[in-house]
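Structure first, commentary second.
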Amino acid sequence: MESKFPISIKELTDLMQVQLKPDEQQEFLNRHGHIEGLCKKLQVDTQTGLDSNDKSDLDSREAQFGRNEIPPKPPKSFFHLMWEAVQDTTLIILIISAVISLALSFYHDPSQKADEEFSQIEEPNVEWIEGAAILIAVLVVVLVTSFNDWSKERQFRGLQSKIDSDQRISVLRNGQIIQLPVKDILVGDICQIFYGHLIPADGLVVESNDLKVDESSLTGETNLIKKSIERPMLFSGTHVMEGSAKMLVTAIGINSQTGIIMSLLGATDSDEKKDDSATKKDNNKVYKGVSTNDQDAEAIELTTKKPDEEEKGETKLKKKEQSVLQAKLTKLAIQIGYAGMTIAICTVIVLIIRFCIKEYAQEKKPLNATILNPLIKFLITGITVLVVAVPEGLPLAVTISLAYAVKKMMKDNNLVRHLDACETMGNATAICSDKTGTLTTNRMTVVQCYVNAKYYENLPNPDDVPVQIRKLVDAGISINSNYASKLEKPEKPNQLPTQLGNKTECGLLGFVEHLGGNYASTRESHPTNTFVHVYTFNSSRKSMSTCIRHPTIPGALRLFTKGASEMVLNKCKYIMVGDKIKEFTHSDFNHVNKNVIEPMACEGLRTICVAYKDFVPSEHKKYDHEQVLKGDLNWDDDEANLNNGLTCICICGIQDPVRPEVPEAIRKCKSAGIVVRMVTGDNVNTARSIARSCGIIGVNDDFLVLEGKEFNQQIKNENGEVCQEKVDQIWPKLRVLARSSPQDKYVLVKHIISSKLNPNREVVAVTGDGTNDGPALKKADVGFAMGIQGTDVAKEASDIILTDDNFNSIVKAVMWGRNVYDSIAKFLQFQLTVNVVAVICAFFGACIVGESPLRAVQMLWVNLIMDTLASLALATEPPTEDLLDRKPYGRTKALISRTMMKNIIGHAVYQLIVIFVILFFGPQLFDMDNGIPEDATHFKPTQHFTMIFNSFVLMTLFNEINSRKIHGERNVFKGFFSNPIFYCIWIVTLCLQFVIVQFGSYAFACHWLTLEQWAWCILFGVGTLLWGQIVTTIPTRSLPKKIEIGNEVPNLSNFTGVNGSPDSEIRNGQVLWLRGIARLHTQLRVINAFHESMGNYSPIARRQFLVNHDSPNLSRK
């Protein structure tokens, strides 16, 4: 097909990849006629953009230049996941043992023919069934694990798809700014990018206002790069840190810088083999990239790290810390693994010694090949003990609980980006929250003003304000604001206008309209391309300034400024009163500050001052407030002087009401033991007023309300360094930090987390919406980004995105987090009781009677099948408000508390007593044959051993009901019917057990039971509930604290890396019992694998990918 546009993809990608100094970039651009020439070749007008109605043009662009999508790497197939699951060391040993057992079951020594006829008279050869049953059990485990991984990967892809679909950008189409999904932008589009945006495609600057970009995700260079017409290259995956600009899109999707890198790394669905071979053949090939300074041309080089370089790099790379729960579970899995390995080895040794003594010492039998069969059976028993010892269902319970919580939390407006954030939030002891939009409605309205030297507690009529002041208010607000901020007329007469863009600016635009102004027509007469200079808002300026050509004086300039009232007003030397401009003295400032700003702030209003300044040629200077314009102004180096000597136009008091549900949400936090702190950039009086309205502080509370400046003075020592001891003197009572910078927030969060005042340690959650909030969000245990107002940088740094920007959603996240933690604790209590009983039963059975009362296949049923179902049942318990009535666990709270340990030991004692009574006295008590085998090589199902197995399973089933409560509650049935998953699984498990016992025969080593025997088994099971009441009666405080497990968070940097794979420091022998850990981190592996394929939307994830995987490293030459 003939190309419509006289420029190819290759020419555009070559343009964007060229590594040149600014003057060389200009030379290369000139070959295409500079930006104007490129626009002609791409057939686009920078003032109107593309025509949305011209479908053929849009289709032609898509056909020639592609879509802004990087096709993800295809997901692993189900069979691939099965193959990965079967790599588990223990499963491999089980499979080998089962195959050998199966083979030996068909081998019969001719010399033992008489004995065989005597022992197996009139019975078919059924020895093969146990080996086959074990293989089937292993298959079930592999299928369950594979299906779990497969379903989780699908869920994460769906989650990422939702995140991607929510990403939108302002695009100029038909002369109007519209919001388009990032994936819908095309080559030739004119996009508007602002502070905090993640640049979605490669492009060139066509207009810029103080634009600075962070290209570290692409080049590793941390310095901000200033962009302009002279240095116009913009690259996908980089962040806008200051200013704004219009960008001509030149490369998208697979042809953008992100797409090219992902292709080189094989993280797309392109021909991976081709990429791999190309990479292998040319490891030293230099790929042209982007320069970050004006030095000689530099290149992004693909190299392969040497081992010694990797070791050095590892010390520099800070590994991602595990969550509190993950760390404790990992340590617990290691401890249980050691214990399980010891008992398993002892069991095998005891069985072998007993067998050898009986066969060869007592009966004097000759040694021959038949010894292999019992030895293999003993090995299978030992391995099965190990399988039972390690909580096989625990990783599944963790994953199910987290996945279930993630799904439900989405309905509660919590979009979870990192799974471990769920349970970490349940441990939160402190929340550092923004004010605007989180605690308040983010519906800004000007309700008071100071204009014409008069303070209006209610907005004045337009006629009460002089015309000249109204004109300046109109221009000073309409022009000096983001043009994406606007008001849309409501569909119905009684509704309020819809505020689009920055809500503070929208409130000011409403004030303009109230005074009879028309911001839209003012903006039309002053398009952004006519601006002389713009100082965009940032956290250090706390103001925004825009310079335009003077409307009446030739050669003159007018600078409009708006921002925090006390800061802008402090720069004012004049004030407008009527049609005149009067001097504004220091006493006038104090008067306005005391009688206008403070009363507004005390009513919870945000105060914004609007001012201006004229720069005129000397021949036109008439008034004192005008500054003589001498040549070109130095906008970069003389900002302080240019923004001084202003003339105050007005001060606006903006109301942002507290959300009605917030006070109740904060009350719940207090009852849950969580301290809420407000960290805001607003005036201290405004912050104090809102904090009181929310319930963060009371009228008579002895809490601290500090400004950022005062906070910094109090926490630093004589050397100007932040001192932990000084911070510890402040943070426990600190409730409001006003006029704070992002750095203040970071310091506060960091030192609260580091503090050791609380013996359980603090777990801190933080909310943030700005680009500079990124460090605090990353440092926090859980970072919440605002879904509506948050920048792309803040969202990328966060763990959870609040899709409604509402504090109440954080409280719901706390409830879900605690529910996740409790669900896993419930399963632990249940699982460990099963494990303790099964292991002790197997070991002492082997020692005393020479045979485990529970056969290998029966233990596999209990451990792998029923525990899988139990993990699903206990992990899907819905949260209740009761979860908010207790204090948070904190970092050092025991994973297995004294109450849980009391229940585990108590129920294990009961079950072991029942099992051993049936084992040793069952034949006499229940009138049945003794099932203890005389020969370990010839086992057959009996009612005796079947009753042991059945009683154990039924006691375990009823103990599952007990395990629903872990805090000593007596009513274990409370909320039983609110979880249909639980009682349905419970009934299904009971039915399966009935089928196994009555019809399992040799496959499950079972003999059918009589009605009376079933009644006894059920009675033993129900007895578990009654015994639970007795155990609950034992006072927990009387038990020693030493029985708690997991009350210290281990340093696991030597155990697992970020991707969940073992480090080289792990000894090979540990793999056997660390398999539980590997599966415990299934969700992390899935996320990492998923990020590899979807990394085009996350440069940080891409850099992590480059570091974590020994793929070619992007480094600067």
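Note on naming: chains are A, B, ... as they come in the structure tokens, residues start from 1 per chain, ligands start from 1 in the order shown.
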Expected answer as a ChimeraX atom specification: alpha helix (DSSP H) residues in stretch 977-1051 of chain A: /A:980-999,1011-1033
Residue set, stretch 633-840 of chain A restricted to strand (DSSP E or B), as a VMD selection string: chain A and resid 646 to 655 658 675 to 679 704 to 707 716 722 734 to 738 764 to 768 782 to 786 800 to 802
Shell of 12 Å around A:Phe926, only C-alpha atoms, local chain residues under 6 positions omitted, as an mmCIF file with N, CA, C and O atoms, in the first residue's frame:
```
data_model
loop_
_atom_site.group_PDB
_atom_site.id
_atom_site.type_symbol
_atom_site.label_atom_id
_atom_site.label_comp_id
_atom_site.auth_asym_id
_atom_site.auth_seq_id
_atom_site.Cartn_x
_atom_site.Cartn_y
_atom_site.Cartn_z
ATOM 1 N N VAL A 917 -5.633 -44.221 71.603
ATOM 2 C CA VAL A 917 -6.594 -45.106 72.292
ATOM 3 C C VAL A 917 -7.169 -46.103 71.300
ATOM 4 O O VAL A 917 -7.258 -47.319 71.570
ATOM 5 N N ILE A 918 -7.547 -45.606 70.099
ATOM 6 C CA ILE A 918 -8.081 -46.516 69.074
ATOM 7 C C ILE A 918 -6.987 -47.475 68.610
ATOM 8 O O ILE A 918 -7.236 -48.673 68.377
ATOM 9 N N LEU A 919 -5.746 -46.991 68.486
ATOM 10 C CA LEU A 919 -4.640 -47.826 67.998
ATOM 11 C C LEU A 919 -4.365 -49.000 68.945
ATOM 12 O O LEU A 919 -4.239 -50.143 68.502
ATOM 13 N N PHE A 920 -4.307 -48.696 70.237
ATOM 14 C CA PHE A 920 -3.905 -49.732 71.183
ATOM 15 C C PHE A 920 -5.081 -50.470 71.843
ATOM 16 O O PHE A 920 -4.955 -51.629 72.225
ATOM 17 N N GLN A 943 -10.594 -52.476 59.367
ATOM 18 C CA GLN A 943 -11.490 -51.529 60.036
ATOM 19 C C GLN A 943 -10.756 -50.785 61.140
ATOM 20 O O GLN A 943 -11.046 -49.614 61.411
ATOM 21 N N HIS A 944 -9.805 -51.452 61.768
ATOM 22 C CA HIS A 944 -9.054 -50.852 62.868
ATOM 23 C C HIS A 944 -8.332 -49.576 62.407
ATOM 24 O O HIS A 944 -8.556 -48.474 62.945
ATOM 25 N N MET A 947 -10.669 -46.813 61.023
ATOM 26 C CA MET A 947 -11.342 -46.019 62.049
ATOM 27 C C MET A 947 -10.405 -44.933 62.588
ATOM 28 O O MET A 947 -10.839 -43.807 62.888
ATOM 29 N N ILE A 948 -9.106 -45.270 62.684
ATOM 30 C CA ILE A 948 -8.129 -44.243 63.092
ATOM 31 C C ILE A 948 -8.106 -43.107 62.073
ATOM 32 O O ILE A 948 -8.184 -41.926 62.424
ATOM 33 N N LEU A 1009 -16.712 -49.070 57.095
ATOM 34 C CA LEU A 1009 -17.048 -49.075 58.515
ATOM 35 C C LEU A 1009 -18.534 -49.302 58.716
ATOM 36 O O LEU A 1009 -19.362 -48.968 57.854
ATOM 37 N N THR A 1010 -18.855 -49.824 59.885
ATOM 38 C CA THR A 1010 -20.269 -50.039 60.226
ATOM 39 C C THR A 1010 -20.881 -48.729 60.707
ATOM 40 O O THR A 1010 -20.183 -47.742 60.973
ATOM 41 N N LEU A 1011 -22.200 -48.732 60.830
ATOM 42 C CA LEU A 1011 -22.920 -47.539 61.289
ATOM 43 C C LEU A 1011 -22.468 -47.151 62.700
ATOM 44 O O LEU A 1011 -22.296 -45.969 63.003
ATOM 45 N N GLU A 1012 -22.276 -48.148 63.550
ATOM 46 C CA GLU A 1012 -21.835 -47.864 64.926
ATOM 47 C C GLU A 1012 -20.443 -47.246 64.936
ATOM 48 O O GLU A 1012 -20.171 -46.293 65.693
ATOM 49 N N GLN A 1013 -19.563 -47.764 64.095
ATOM 50 C CA GLN A 1013 -18.207 -47.216 64.029
ATOM 51 C C GLN A 1013 -18.217 -45.771 63.498
ATOM 52 O O GLN A 1013 -17.467 -44.921 63.972
ATOM 53 N N TRP A 1014 -19.085 -45.521 62.526
ATOM 54 C CA TRP A 1014 -19.244 -44.149 62.017
ATOM 55 C C TRP A 1014 -19.748 -43.222 63.128
ATOM 56 O O TRP A 1014 -19.310 -42.067 63.247
ATOM 57 N N ALA A 1015 -20.694 -43.733 63.925
ATOM 58 C CA ALA A 1015 -21.240 -42.921 65.019
ATOM 59 C C ALA A 1015 -20.141 -42.530 66.001
ATOM 60 O O ALA A 1015 -20.072 -41.383 66.474
ATOM 61 N N TRP A 1016 -19.243 -43.488 66.332
ATOM 62 C CA TRP A 1016 -18.133 -43.190 67.234
ATOM 63 C C TRP A 1016 -17.196 -42.151 66.623
ATOM 64 O O TRP A 1016 -16.743 -41.231 67.311
ATOM 65 N N CYS A 1017 -16.930 -42.304 65.348
ATOM 66 C CA CYS A 1017 -16.037 -41.342 64.673
ATOM 67 C C CYS A 1017 -16.620 -39.927 64.707
ATOM 68 O O CYS A 1017 -15.914 -38.942 64.967
#
```
Separation of atom CA of A:Leu332 from atom CA of A:Asn962, in Å and rounded to one decimal: 22.3 Å
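Across A:Leu415, A:Ala245, A:Ala484, A:Val398, the tightest approach to A:Ser228 is made by A:Ala245 when counting only C-alpha atoms.
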Stretch 429-431 of chain A surroundings by only C-alpha atoms, 12 Å radius, close-in-sequence under 4 positions cut, as number ranges by chain: A: 424-425, 666, 669-679, 696, 731-732, 734-736, 745, 748-749, 752-753, 758, 760-768, 777, 780-784, 807, 810-811, 813-814, 818, 886-891
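Using only C-alpha atoms, the smallest distance between any of A:Leu990, A:Thr498, A:Ile961, A:Ser77 and A:Phe977 comes from A:Ile961.
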Stretch 181-195 of chain A environment, 7 Å, only C-alpha atoms, sequence neighbours closer than 6 positions dropped, as a PyMOL selection string: chain A and resi 42+44+46+49-50+61-62+65+67-69+165+167-172+240-252
Surrounding residues of A:Gln655 excluding itself and chain neighbours under 6 positions, 7 Å, only C-alpha atoms, as a PyMOL selection string: chain A and resi 444-447+605-606
Top pick for closest residue to A:Phe615, considering A:Lys779, A:His907, A:Lys486, A:His550 and counting only C-alpha atoms: A:His550
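From atom CA of A:Lys582 back to atom CA of A:Tyr623, the distance works out to 10.6 Å.
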